[in-house]
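Below is one structure, written out as structure tokens; the observations come after it.
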Amino acid sequence: MEKVESQIISKGLLFIKGVLISFIITIILFYILGIILTYTSVPEKIITPAIIIITGVSILIGASVSLIKTGEKGMIKGGLIGITYFTIIYMLSSILLKNFEINVYSGIMFISTFICGCIGGIVGVNMKN
């Protein structure tokens, strides 16, 4: 019984680790994007595509790193990491922003977080230490 409980806890920690790594990478890359937008003449119209790309890369890395040691079901676990990331972001946005809305970019973000999580999970499971 203790072995089953420890496996469940271990899998849960890997899942949380993937989401946290994704958020940390996102924060770092958003900070860099902010610096670039502030101190260069890059047009602001790149913000939305940059956010989608940064989010996708962050989830891909987070899922890959957290699922290296699992060895199985990388696509499912990575996809769940992506969906969890998306859900947390959108829950926080709906609470903190007055003009929050779900639009076409929300759908693109959802699909990209899921796909990047799946790819990251596949890569992570197939990486050798």
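Residue numbering restarts at 1 in every chain; chains get A, B, ... in the order shown in the structure tokens, and ligands count up from 1 in that same order.
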**Study point:** Residues near Ile25 (chain A), cut-off 9 Å, only C-alpha atoms, skip fewer than 2 positions along chain, as a PyMOL selection string
**Key:** chain A and resi 20-23+27-30+54-55+57-59+61-62
**Study point:** Long-range neighbours of region 12-16 of chain A as a ChimeraX atom specification, 12 Å cut-off, only C-alpha atoms, 2 positions minimum in chain
**Key:** /A:5-10,18-23,59,62-70,74,76-85,117,121,124
Check your understanding: DSSP on the backbone: what in chain A comes out alpha helix (DSSP H), as a PyMOL selection string?
Key -> chain A and resi 2-39+47-66+74-96+104-126
